[in-house]
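These notes concern the structure reproduced below.
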Amino acid sequence: MLTTALAVQSAAAAPDLFDAMGHAAPTGLHFLGTPGLRTLLTPGLLAVGDALADAYAKGRFVCVLGQAGVGKTFAVHTAARRLGELLPLDLRAQPSPADLRDALHEALRLPGQAPADPAPADTLIRRALAQGPRIVVVEDAHRLSPSCWEYLRFLHDELSQGLCVVLTAPACGERFLRAQRMLATRTTSWLCVQPLTRDRIPQAVPALHALWQGVAPGDLDALDARCAGGVLRRWAVLTRHTQRAMAAHGAKKPDRVMLQAVADRADGGRRP
């Protein structure tokens, strides 16, 4: 699931691949808040965890790419919360350095509103970041302006321990991120999280939620081919629709007719 063959081999060889993790995901992190979804040790989560641990120890950047729904944000948040304090930045679509300052001020829980003057705002932020290592997460980093990149470089270089920053973006945003020269010497890893391959669906999906454990592997393959394409966010949607269908019919497990109806609802009745 990664751009480097070594990382693929390491993740695939893990004996506990697709085992459910012993702790629950942070509240609201599972898509739709679907009840009963488990946190799986997917190749993507394992590799993001390894890369993030390295970047956190060194105070460097890590870039995580992939299509919507493959689990980039889930993997980053799950791994980051096991390492240290997570600072996810809530940014608008086309953020400015002022937006970054405001978001950091809020994420760091600094008192009052962020100062309008950049100098005192930056002093407060740098002092707070210098108190200990943090993990700053910037979603959709391909939308950042040149001035935002310069501000991230400034924060990283001003701190003696550096600053761990996770940048996520769709796969199509890789070229834009690669064009940011400041990342060349400050980034420890570039990861591309891929959807699960079809051969892994019969193992992964029953581990994701108990309701799939009684479903034939062929039916899971058919659902994945039609509606999910190995994307776990879509499997969360399918799980939620199936839960509701089972509750409506008083069923203990889904049959093929129910799964067909769920697929029709999930994809609007299209056929592969």
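By order in the structure tokens, chains are A, B, ...; within a chain, residues start at 1; ligands start at 1, following the order shown.
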
*So which residues touch Asp255 in chain A within 12 Å, counting only C-alpha atoms, skipping near sequence neighbours fewer than 5 positions away, as number ranges by chain?*
A: 211-212, 214-216, 219-220, 242, 245-246, 249, 260-262

*Can you list, as a list of chain:residue names, every protein, DNA or RNA residue that comes within 12 Å of Leu144 in chain A when you count only C-alpha atoms, leaving out same-chain residues fewer than 2 positions away?*
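My reading of the contact set: A:Leu91, A:Arg92, A:Ala93, A:Gln94, A:Pro95, A:Ser96, A:Pro97, A:Asp99, A:Leu100, A:Val138, A:Glu139, A:Asp140, A:Ala141, A:His142, A:Pro146, A:Ser147, A:Cys148, A:Trp149, A:Glu150, A:Tyr151, A:Leu152, A:Leu167, A:Thr168, A:Ala169, A:Gly173, A:Phe176, A:Leu177, A:Gln180.
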
_For Asp199 in chain A, the nearest of the candidates A:Ala222, A:Leu183, A:Ile135, A:Ala119, counting only C-alpha atoms_ =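 Nearest candidate to Asp199 in chain A out of A:Ala222, A:Leu183, A:Ile135, A:Ala119: A:Ala222.
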
_Which residues are close to Leu223 in chain A, i.e. within 12 Å by only C-alpha atoms, leaving aside same-chain residues fewer than 2 positions away? Reply as a VMD selection string._
chain A and resid 198 201 to 202 205 212 215 to 221 225 to 231 234 to 235 237 to 239 242 256 258 to 264 266 to 267 271 to 272

Can I get the selection written as a PDB file, in the first residue's frame, with C-alpha atoms?
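Saved to result_1.pdb:
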ATOM      1  CA  ARG A 198      -9.400  -7.881  -3.787  1.00  0.00           C
ATOM      2  CA  ILE A 201     -11.242  -8.424   1.277  1.00  0.00           C
ATOM      3  CA  PRO A 202     -12.371 -11.844   2.683  1.00  0.00           C
ATOM      4  CA  VAL A 205     -13.935  -7.077   6.024  1.00  0.00           C
ATOM      5  CA  TRP A 212     -19.682  -9.688   7.921  1.00  0.00           C
ATOM      6  CA  VAL A 215     -21.138 -13.718   4.787  1.00  0.00           C
ATOM      7  CA  ALA A 216     -19.621 -15.908   2.079  1.00  0.00           C
ATOM      8  CA  PRO A 217     -16.292 -14.651   0.687  1.00  0.00           C
ATOM      9  CA  GLY A 218     -17.780 -14.608  -2.816  1.00  0.00           C
ATOM     10  CA  ASP A 219     -20.543 -12.248  -1.686  1.00  0.00           C
ATOM     11  CA  LEU A 220     -17.988  -9.968  -0.055  1.00  0.00           C
ATOM     12  CA  ASP A 221     -15.964  -9.949  -3.266  1.00  0.00           C
ATOM     13  CA  ALA A 225     -16.331  -5.016  -6.821  1.00  0.00           C
ATOM     14  CA  ARG A 226     -19.621  -3.192  -7.167  1.00  0.00           C
ATOM     15  CA  CYS A 227     -19.553  -0.652  -4.346  1.00  0.00           C
ATOM     16  CA  ALA A 228     -16.282  -0.370  -2.464  1.00  0.00           C
ATOM     17  CA  GLY A 229     -13.195  -1.049  -4.550  1.00  0.00           C
ATOM     18  CA  GLY A 230     -11.163  -1.842  -1.438  1.00  0.00           C
ATOM     19  CA  VAL A 231     -11.915   1.556   0.157  1.00  0.00           C
ATOM     20  CA  ARG A 234     -17.201   2.692   1.530  1.00  0.00           C
ATOM     21  CA  TRP A 235     -17.231  -0.475   3.613  1.00  0.00           C
ATOM     22  CA  VAL A 237     -21.183   2.936   4.481  1.00  0.00           C
ATOM     23  CA  LEU A 238     -22.118  -0.617   3.467  1.00  0.00           C
ATOM     24  CA  THR A 239     -21.918  -1.719   7.098  1.00  0.00           C
ATOM     25  CA  THR A 242     -26.674  -3.377   6.351  1.00  0.00           C
ATOM     26  CA  ARG A 256     -27.896 -12.403  -0.430  1.00  0.00           C
ATOM     27  CA  MET A 258     -30.533  -8.117   1.602  1.00  0.00           C
ATOM     28  CA  LEU A 259     -27.016  -7.522   0.372  1.00  0.00           C
ATOM     29  CA  GLN A 260     -28.343  -6.895  -3.120  1.00  0.00           C
ATOM     30  CA  ALA A 261     -30.745  -4.303  -1.721  1.00  0.00           C
ATOM     31  CA  VAL A 262     -27.923  -2.709   0.272  1.00  0.00           C
ATOM     32  CA  ALA A 263     -25.774  -2.512  -2.852  1.00  0.00           C
ATOM     33  CA  ASP A 264     -28.656  -0.935  -4.791  1.00  0.00           C
ATOM     34  CA  ALA A 266     -25.311   2.381  -1.791  1.00  0.00           C
ATOM     35  CA  ASP A 267     -24.673   2.881  -5.503  1.00  0.00           C
ATOM     36  CA  ARG A 271     -24.593  -2.326 -12.145  1.00  0.00           C
ATOM     37  CA  PRO A 272     -20.875  -3.062 -12.651  1.00  0.00           C
TER      38      PRO A 272
END

*Step one, run DSSP on the backbone; step two, keep only residues of range 101-227 of chain A assigned to strand (DSSP E or B); then write them as number ranges by chain.*
A: 134-138, 164-169, 187-192

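The coordinates place CA of Val76 in chain A at 7.3 Å from CA of Gly49 in chain A.
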
*What is the CA of Ser145 in chain A-CA of Ala57 in chain A distance in Å, reported with one decimal?*
27.4 Å

*Close residues, Gln131 in chain A itself excluded, 12 Å, only C-alpha atoms, min 2 positions apart in chain, as a count of residues only*: 15

_Shell of 7 Å around Ala171 in chain A, only C-alpha atoms, local chain residues under 4 positions omitted, as a VMD selection string_ = chain A and resid 65 to 67

*May I ask for the distance between CA of Leu89 in chain A and CA of Asp102 in chain A, given in Å to one decimal place?*
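Result for CA of Leu89 in chain A versus CA of Asp102 in chain A: 9.1 Å, one decimal.
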
*Out of range 6-250 of chain A, which residues get alpha helix (DSSP H) from DSSP, as a ChimeraX atom specification?*
/A:6-12,43-58,72-83,97-107,118-130,146-158,174-178,201-208,217-223,232-249

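For the set A:Ala236, A:Ala130, A:His156, A:Val257, the residue with the smallest atom-to-atom gap to Pro35 in chain A is A:Ala236, counting only C-alpha atoms.
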
*A:Leu86, A:Ala75, A:Ala80, A:Val62: which is nearest Arg186 in chain A, counting only C-alpha atoms?*
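Nearest to Arg186 in chain A: A:Val62.
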
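Among A:Arg265, A:Ala247, A:Pro254, A:Arg233, the residue with the shortest atom-to-atom distance to Leu37 in chain A, counting only C-alpha atoms, is A:Arg233.
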